[in-house]
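S.K.: See query_19.pdb below, with PDB, C-alpha atoms, pLDDT in the B column.
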```
ATOM      1  CA  MET B 246       0.000   0.000   0.000  1.00 36.00           C
ATOM      2  CA  SER B 247       1.563   3.302  -0.990  1.00 37.00           C
ATOM      3  CA  GLU B 248       0.999   6.627   0.693  1.00 39.00           C
ATOM      4  CA  PRO B 249       1.246  10.012  -0.905  1.00 39.00           C
ATOM      5  CA  SER B 250       4.452  11.864  -0.231  1.00 39.00           C
ATOM      6  CA  GLY B 251       4.944  15.555   0.159  1.00 40.00           C
ATOM      7  CA  PRO B 252       4.395  18.072   2.923  1.00 38.00           C
ATOM      8  CA  GLU B 253       0.630  17.638   2.860  1.00 37.00           C
ATOM      9  CA  ALA B 254       0.749  13.855   3.297  1.00 41.00           C
ATOM     10  CA  SER B 255      -0.327  12.476   6.641  1.00 44.00           C
ATOM     11  CA  SER B 256       0.508   9.233   8.346  1.00 42.00           C
ATOM     12  CA  SER B 257      -1.879   9.901  11.183  1.00 43.00           C
ATOM     13  CA  GLY B 258      -3.664   6.984  12.799  1.00 43.00           C
ATOM     14  CA  ALA B 259      -6.569   9.399  13.052  1.00 41.00           C
ATOM     15  CA  GLY B 260      -7.229  10.067   9.442  1.00 40.00           C
ATOM     16  CA  SER B 261      -6.269   7.327   7.031  1.00 39.00           C
ATOM     17  CA  GLY B 262      -5.945   3.629   6.484  1.00 38.00           C
ATOM     18  CA  PRO B 263      -7.508   0.617   8.127  1.00 36.00           C
ATOM     19  CA  GLY B 264      -8.631   1.150  11.670  1.00 37.00           C
ATOM     20  CA  ALA B 265      -8.478   4.919  11.363  1.00 38.00           C
ATOM     21  CA  GLY B 266     -12.080   5.593  10.455  1.00 36.00           C
ATOM     22  CA  ALA B 267     -12.043   9.355  10.120  1.00 35.00           C
ATOM     23  CA  ALA B 268     -14.280  10.552   7.348  1.00 34.00           C
ATOM     24  CA  GLU B 269     -14.949  14.085   6.231  1.00 32.00           C
ATOM     25  CA  GLY B 270     -18.010  15.404   7.971  1.00 36.00           C
ATOM     26  CA  ALA B 271     -20.010  18.527   7.339  1.00 37.00           C
ATOM     27  CA  ALA B 272     -18.822  21.536   5.395  1.00 40.00           C
ATOM     28  CA  ASP B 273     -16.833  22.743   8.427  1.00 43.00           C
ATOM     29  CA  GLY B 274     -14.442  19.806   7.901  1.00 43.00           C
ATOM     30  CA  ALA B 275     -15.280  18.118  11.200  1.00 48.00           C
ATOM     31  CA  HIS B 276     -14.243  14.497  11.355  1.00 50.00           C
ATOM     32  CA  ARG B 277     -16.890  11.892  12.110  1.00 57.00           C
ATOM     33  CA  ARG B 278     -15.722   8.537  13.361  1.00 59.00           C
ATOM     34  CA  ASP B 279     -17.394   5.175  12.876  1.00 67.00           C
ATOM     35  CA  PRO B 280     -17.745   3.653  16.378  1.00 64.00           C
ATOM     36  CA  ARG B 281     -16.295   0.349  15.133  1.00 66.00           C
ATOM     37  CA  ASN B 282     -13.014   2.136  14.389  1.00 68.00           C
ATOM     38  CA  TYR B 283     -12.374   2.998  18.025  1.00 72.00           C
ATOM     39  CA  VAL B 284     -11.001  -0.509  18.481  1.00 72.00           C
ATOM     40  CA  LEU B 285      -7.549  -0.218  16.938  1.00 73.00           C
ATOM     41  CA  ASP B 286      -5.740  -2.928  18.886  1.00 73.00           C
ATOM     42  CA  ALA B 287      -8.381  -5.125  20.475  1.00 74.00           C
ATOM     43  CA  GLY B 288      -5.890  -7.058  22.599  1.00 78.00           C
ATOM     44  CA  VAL B 289      -4.500  -3.961  24.319  1.00 76.00           C
ATOM     45  CA  GLN B 290      -7.819  -2.169  24.596  1.00 77.00           C
ATOM     46  CA  VAL B 291      -9.809  -5.135  25.914  1.00 77.00           C
ATOM     47  CA  ARG B 292      -7.011  -6.086  28.320  1.00 81.00           C
ATOM     48  CA  LEU B 293      -6.949  -2.569  29.798  1.00 79.00           C
ATOM     49  CA  GLY B 294     -10.746  -2.654  30.140  1.00 78.00           C
ATOM     50  CA  ALA B 295     -10.556  -6.036  31.854  1.00 82.00           C
ATOM     51  CA  TYR B 296      -7.858  -4.819  34.275  1.00 85.00           C
ATOM     52  CA  SER B 297      -9.850  -1.700  35.080  1.00 83.00           C
ATOM     53  CA  THR B 298     -13.042  -3.684  35.630  1.00 84.00           C
ATOM     54  CA  PHE B 299     -11.192  -6.278  37.736  1.00 88.00           C
ATOM     55  CA  LEU B 300      -9.651  -3.620  39.996  1.00 88.00           C
ATOM     56  CA  GLY B 301     -12.986  -1.844  40.314  1.00 86.00           C
ATOM     57  CA  GLY B 302     -14.623  -5.159  41.167  1.00 85.00           C
ATOM     58  CA  LEU B 303     -12.012  -5.858  43.862  1.00 89.00           C
ATOM     59  CA  PHE B 304     -12.656  -2.430  45.346  1.00 89.00           C
ATOM     60  CA  ALA B 305     -16.407  -3.001  45.245  1.00 86.00           C
ATOM     61  CA  LEU B 306     -16.064  -6.424  46.911  1.00 87.00           C
ATOM     62  CA  GLY B 307     -13.880  -4.953  49.648  1.00 90.00           C
ATOM     63  CA  LEU B 308     -16.352  -2.151  50.222  1.00 89.00           C
ATOM     64  CA  LEU B 309     -19.218  -4.645  50.202  1.00 86.00           C
ATOM     65  CA  GLY B 310     -17.435  -6.741  52.833  1.00 87.00           C
ATOM     66  CA  ILE B 311     -16.956  -3.733  55.098  1.00 91.00           C
ATOM     67  CA  LEU B 312     -20.590  -2.648  54.668  1.00 87.00           C
ATOM     68  CA  ASN B 313     -21.802  -6.204  55.262  1.00 85.00           C
ATOM     69  CA  ALA B 314     -19.864  -6.470  58.517  1.00 89.00           C
ATOM     70  CA  GLY B 315     -21.218  -3.137  59.755  1.00 88.00           C
ATOM     71  CA  LEU B 316     -24.801  -3.876  58.742  1.00 87.00           C
ATOM     72  CA  THR B 317     -24.646  -7.359  60.314  1.00 86.00           C
ATOM     73  CA  ARG B 318     -23.573  -5.837  63.631  1.00 89.00           C
ATOM     74  CA  LEU B 319     -26.370  -3.240  63.362  1.00 88.00           C
ATOM     75  CA  TYR B 320     -28.930  -5.942  62.509  1.00 86.00           C
ATOM     76  CA  GLU B 321     -27.898  -8.043  65.512  1.00 88.00           C
ATOM     77  CA  GLN B 322     -28.093  -5.030  67.831  1.00 88.00           C
ATOM     78  CA  VAL B 323     -31.567  -4.095  66.552  1.00 88.00           C
ATOM     79  CA  LEU B 324     -32.760  -7.686  67.116  1.00 87.00           C
ATOM     80  CA  ASP B 325     -31.424  -7.529  70.684  1.00 88.00           C
ATOM     81  CA  LEU B 326     -33.416  -4.321  71.325  1.00 89.00           C
ATOM     82  CA  THR B 327     -36.811  -5.515  70.127  1.00 88.00           C
ATOM     83  CA  PRO B 328     -39.112  -8.444  70.848  1.00 90.00           C
ATOM     84  CA  HIS B 329     -40.441  -8.295  67.219  1.00 90.00           C
ATOM     85  CA  HIS B 330     -37.742 -10.433  65.639  1.00 87.00           C
ATOM     86  CA  GLU B 331     -39.846 -11.735  62.720  1.00 89.00           C
ATOM     87  CA  ALA B 332     -41.121  -8.267  61.759  1.00 89.00           C
ATOM     88  CA  VAL B 333     -37.576  -6.864  61.798  1.00 88.00           C
ATOM     89  CA  ARG B 334     -36.289  -9.796  59.741  1.00 86.00           C
ATOM     90  CA  GLU B 335     -39.032  -9.270  57.126  1.00 88.00           C
ATOM     91  CA  VAL B 336     -38.292  -5.534  56.833  1.00 88.00           C
ATOM     92  CA  VAL B 337     -34.564  -6.220  56.472  1.00 86.00           C
ATOM     93  CA  ARG B 338     -35.141  -8.948  53.829  1.00 85.00           C
ATOM     94  CA  ARG B 339     -37.373  -6.643  51.799  1.00 87.00           C
ATOM     95  CA  CYS B 340     -34.909  -3.740  51.962  1.00 84.00           C
ATOM     96  CA  LEU B 341     -31.927  -5.919  51.097  1.00 83.00           C
ATOM     97  CA  GLY B 342     -33.811  -7.451  48.167  1.00 82.00           C
ATOM     98  CA  ASP B 343     -34.435  -4.013  46.661  1.00 83.00           C
ATOM     99  CA  THR B 344     -30.856  -2.983  47.366  1.00 84.00           C
ATOM    100  CA  ALA B 345     -29.530  -6.102  45.615  1.00 83.00           C
ATOM    101  CA  ILE B 346     -31.459  -5.198  42.451  1.00 87.00           C
ATOM    102  CA  TYR B 347     -30.031  -1.665  42.463  1.00 88.00           C
ATOM    103  CA  ALA B 348     -26.531  -2.956  43.199  1.00 86.00           C
ATOM    104  CA  GLY B 349     -26.760  -5.406  40.287  1.00 85.00           C
ATOM    105  CA  ALA B 350     -27.886  -2.654  37.928  1.00 89.00           C
ATOM    106  CA  LEU B 351     -25.062  -0.426  39.151  1.00 90.00           C
ATOM    107  CA  ALA B 352     -22.561  -3.250  38.584  1.00 86.00           C
ATOM    108  CA  VAL B 353     -23.713  -3.630  34.969  1.00 87.00           C
ATOM    109  CA  VAL B 354     -23.397   0.133  34.415  1.00 90.00           C
ATOM    110  CA  PHE B 355     -19.932   0.058  36.003  1.00 87.00           C
ATOM    111  CA  VAL B 356     -18.685  -2.750  33.753  1.00 83.00           C
ATOM    112  CA  LEU B 357     -20.061  -1.117  30.596  1.00 85.00           C
ATOM    113  CA  GLY B 358     -18.682   2.267  31.636  1.00 87.00           C
ATOM    114  CA  SER B 359     -15.242   0.792  32.375  1.00 83.00           C
ATOM    115  CA  VAL B 360     -15.063  -0.897  29.001  1.00 80.00           C
ATOM    116  CA  LEU B 361     -16.254   2.239  27.182  1.00 84.00           C
ATOM    117  CA  VAL B 362     -13.793   4.523  28.968  1.00 84.00           C
ATOM    118  CA  SER B 363     -10.910   2.116  28.408  1.00 83.00           C
ATOM    119  CA  VAL B 364     -11.663   1.781  24.693  1.00 81.00           C
ATOM    120  CA  LEU B 365     -11.956   5.552  24.262  1.00 82.00           C
ATOM    121  CA  TYR B 366      -8.832   6.265  26.295  1.00 84.00           C
ATOM    122  CA  THR B 367      -6.686   3.575  24.714  1.00 83.00           C
ATOM    123  CA  HIS B 368      -7.823   4.793  21.292  1.00 83.00           C
ATOM    124  CA  ARG B 369      -5.937   8.000  22.083  1.00 85.00           C
ATOM    125  CA  LEU B 370      -2.871   5.928  23.026  1.00 85.00           C
ATOM    126  CA  VAL B 371      -2.899   3.232  20.350  1.00 84.00           C
ATOM    127  CA  GLY B 372      -3.881   5.529  17.443  1.00 86.00           C
ATOM    128  CA  PRO B 373      -0.654   7.556  17.591  1.00 91.00           C
ATOM    129  CA  THR B 374       1.478   4.406  17.622  1.00 90.00           C
ATOM    130  CA  ILE B 375      -0.143   3.344  14.361  1.00 89.00           C
ATOM    131  CA  ALA B 376       0.589   6.779  12.909  1.00 92.00           C
ATOM    132  CA  PHE B 377       4.208   6.590  14.092  1.00 95.00           C
ATOM    133  CA  ARG B 378       4.706   3.171  12.526  1.00 93.00           C
ATOM    134  CA  ARG B 379       3.315   4.439   9.201  1.00 94.00           C
ATOM    135  CA  HIS B 380       5.532   7.515   9.334  1.00 96.00           C
ATOM    136  CA  LEU B 381       8.624   5.465  10.183  1.00 95.00           C
ATOM    137  CA  ARG B 382       7.830   3.081   7.314  1.00 96.00           C
ATOM    138  CA  ALA B 383       7.557   6.087   4.964  1.00 94.00           C
ATOM    139  CA  LEU B 384      10.930   7.430   6.166  1.00 94.00           C
ATOM    140  CA  ILE B 385      12.556   4.015   5.700  1.00 93.00           C
ATOM    141  CA  GLU B 386      11.192   3.981   2.155  1.00 93.00           C
ATOM    142  CA  GLY B 387      12.670   7.437   1.505  1.00 92.00           C
ATOM    143  CA  ARG B 388       9.393   9.366   1.540  1.00 93.00           C
ATOM    144  CA  TYR B 389      10.652  12.257   3.661  1.00 93.00           C
ATOM    145  CA  GLY B 390       7.723  14.565   2.879  1.00 92.00           C
ATOM    146  CA  THR B 391       5.299  12.460   4.918  1.00 93.00           C
ATOM    147  CA  ARG B 392       4.188  14.009   8.220  1.00 95.00           C
ATOM    148  CA  THR B 393       2.332  12.704  11.246  1.00 94.00           C
ATOM    149  CA  ARG B 394      -0.739  14.684  12.272  1.00 92.00           C
ATOM    150  CA  LEU B 395      -2.472  13.616  15.448  1.00 92.00           C
ATOM    151  CA  ARG B 396      -5.853  14.555  16.842  1.00 87.00           C
ATOM    152  CA  GLU B 397      -6.017  17.351  19.403  1.00 84.00           C
ATOM    153  CA  HIS B 398      -6.343  15.121  22.467  1.00 85.00           C
ATOM    154  CA  ASP B 399      -4.107  12.242  21.367  1.00 88.00           C
ATOM    155  CA  ALA B 400      -1.178  11.158  23.493  1.00 90.00           C
ATOM    156  CA  PHE B 401       2.405  11.609  22.295  1.00 93.00           C
ATOM    157  CA  VAL B 402       1.885  14.924  20.469  1.00 92.00           C
ATOM    158  CA  GLU B 403       5.474  15.893  21.415  1.00 93.00           C
ATOM    159  CA  VAL B 404       6.790  12.663  19.896  1.00 94.00           C
ATOM    160  CA  ALA B 405       4.898  13.424  16.674  1.00 95.00           C
ATOM    161  CA  ALA B 406       6.480  16.893  16.572  1.00 94.00           C
ATOM    162  CA  ASP B 407       9.955  15.354  17.008  1.00 95.00           C
ATOM    163  CA  LEU B 408       9.239  12.760  14.309  1.00 95.00           C
ATOM    164  CA  ASN B 409       8.066  15.493  11.940  1.00 96.00           C
ATOM    165  CA  GLU B 410      11.203  17.501  12.714  1.00 96.00           C
ATOM    166  CA  LEU B 411      13.314  14.440  11.901  1.00 95.00           C
ATOM    167  CA  ALA B 412      11.458  14.071   8.599  1.00 94.00           C
ATOM    168  CA  GLU B 413      12.177  17.736   7.770  1.00 95.00           C
ATOM    169  CA  VAL B 414      15.888  17.276   8.503  1.00 94.00           C
ATOM    170  CA  LEU B 415      16.002  14.138   6.345  1.00 93.00           C
ATOM    171  CA  GLN B 416      14.088  15.897   3.577  1.00 93.00           C
ATOM    172  CA  ARG B 417      16.593  18.810   3.589  1.00 93.00           C
ATOM    173  CA  ARG B 418      19.563  16.432   3.591  1.00 91.00           C
ATOM    174  CA  HIS B 419      18.318  13.904   1.048  1.00 88.00           C
ATOM    175  CA  GLY B 420      15.556  15.687  -0.840  1.00 74.00           C
ATOM    176  CA  ALA B 421      12.143  14.235  -1.630  1.00 61.00           C
ATOM    177  CA  ALA B 422      11.895  10.702  -2.951  1.00 54.00           C
ATOM    178  CA  PRO B 423      11.857  10.498  -6.768  1.00 44.00           C
TER     179      PRO B 423
END
```
Could you write out this file's structure as structure tokens?
M.R.:
Amino acid sequence: MSEPSGPEASSSGAGSGPGAGAAEGAADGAHRRDPRNYVLDAGVQVRLGAYSTFLGGLFALGLLGILNAGLTRLYEQVLDLTPHHEAVREVVRRCLGDTAIYAGALAVVFVLGSVLVSVLYTHRLVGPTIAFRRHLRALIEGRYGTRTRLREHDAFVEVAADLNELAEVLQRRHGAAP
């Protein structure tokens, strides 16, 4: 696959090639992205989401254990203070049943949110590495006019600037590829 060379060429992971997914939007030139193209390196992105969800789950289990211990002590003390043991047990069962439903729904939202945030965040990390690899490949092939342009909030913007500076130095020394 060949890329255009020259100062206007881009090797950005944000705007060209497979997995990039940026398409020209409205007349203002805004880029619209196909949601499927946020997964650039599924292994890295899914693994980070799994780690994040796992750590969040460990925190939630620890917190649940602490709350359970405290509520168990409270429950036992309330039972000691009242002769209406069955009525208290029924109220507690009903309340805990409702709470379990809300906790389950919150857990589902947490898992989905963790995966979404990890995919979006890692997209900003993995995308530039794809752009850098394309730019390095272009430099190896002698296409010194190629530049890396990253999105505004991507990671490694400074590295892209250094890579572009290297390309300019190589272009001055060796000239553009024939």
S.K.: Can you list what the PyMOL selection byres ((chain B and resi 402-410) around 9) grabs from this structure, as a list in words?
M.R.: Pro373, Ala376, Phe377, His380, Leu381, Thr391, Arg392, Thr393, Arg394, Leu395, Arg396, Glu397, His398, Asp399, Ala400, Phe401, Leu411, Ala412, Glu413, Val414 and Leu415 of chain B
S.K.: Applying 10 Å and only C-alpha atoms, which residues near B:Val284 remain after dropping the ones on its own chain fewer than 6 positions away? List them as a short mmCIF file (atom, residue, chain, number, x, y, z; two decimals) with C-alpha atoms, keeping the file's coordinate frame.
M.R.:
```cif
data_model
loop_
_atom_site.label_atom_id
_atom_site.label_comp_id
_atom_site.auth_asym_id
_atom_site.auth_seq_id
_atom_site.Cartn_x
_atom_site.Cartn_y
_atom_site.Cartn_z
CA GLY B 264 -8.63 1.15 11.67
CA ALA B 265 -8.48 4.92 11.36
CA GLN B 290 -7.82 -2.17 24.60
CA VAL B 291 -9.81 -5.14 25.91
CA VAL B 364 -11.66 1.78 24.69
CA LEU B 365 -11.96 5.55 24.26
CA THR B 367 -6.69 3.58 24.71
CA HIS B 368 -7.82 4.79 21.29
CA VAL B 371 -2.90 3.23 20.35
CA GLY B 372 -3.88 5.53 17.44
#
```
S.K.: Which distance in Å separates atom CA of B:Ala295 and atom CA of B:Ser359, to one decimal?
M.R.: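 Result for atom CA of B:Ala295 versus atom CA of B:Ser359: 8.3 Å, one decimal.
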S.K.: Would you translate the PyMOL selection byres ((chain B and resi 336-346) around 12) into the concrete set of residues it matches in this file, as a PyMOL selection string?
M.R.: chain B and resi 309+313+316-317+319-321+323-324+329-335+347-353
S.K.: Quick one: pull the distance between atom CA of B:Tyr366 and atom CA of B:Tyr283, Å, one decimal.
M.R.: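 Answer for the atom CA of B:Tyr366 to atom CA of B:Tyr283 separation: 9.6 Å.
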S.K.: Just the number, please: distance in Å from atom CA of B:Arg318 to atom CA of B:Phe304, one decimal.
M.R.: 21.6 Å
S.K.: Using all atoms listed in the file, which of B:Gln322, B:Gln416, B:Thr327, B:Thr298 sits nearest B:Leu361?
M.R.: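 Ranked by minimum distance to B:Leu361, first place goes to B:Thr298.
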S.K.: Using all atoms of stretch 321-334 of chain B that appear in the file, construct an axis-aligned enclosing box with 6 Å of padding on every side and provide its centre coordinates and edge lengths in Å, rounded to one decimal, as JSON.
M.R.:
```
{"center_x": -34.5, "center_y": -7.9, "center_z": 65.5, "size_x": 25.2, "size_y": 19.6, "size_z": 23.6}
```
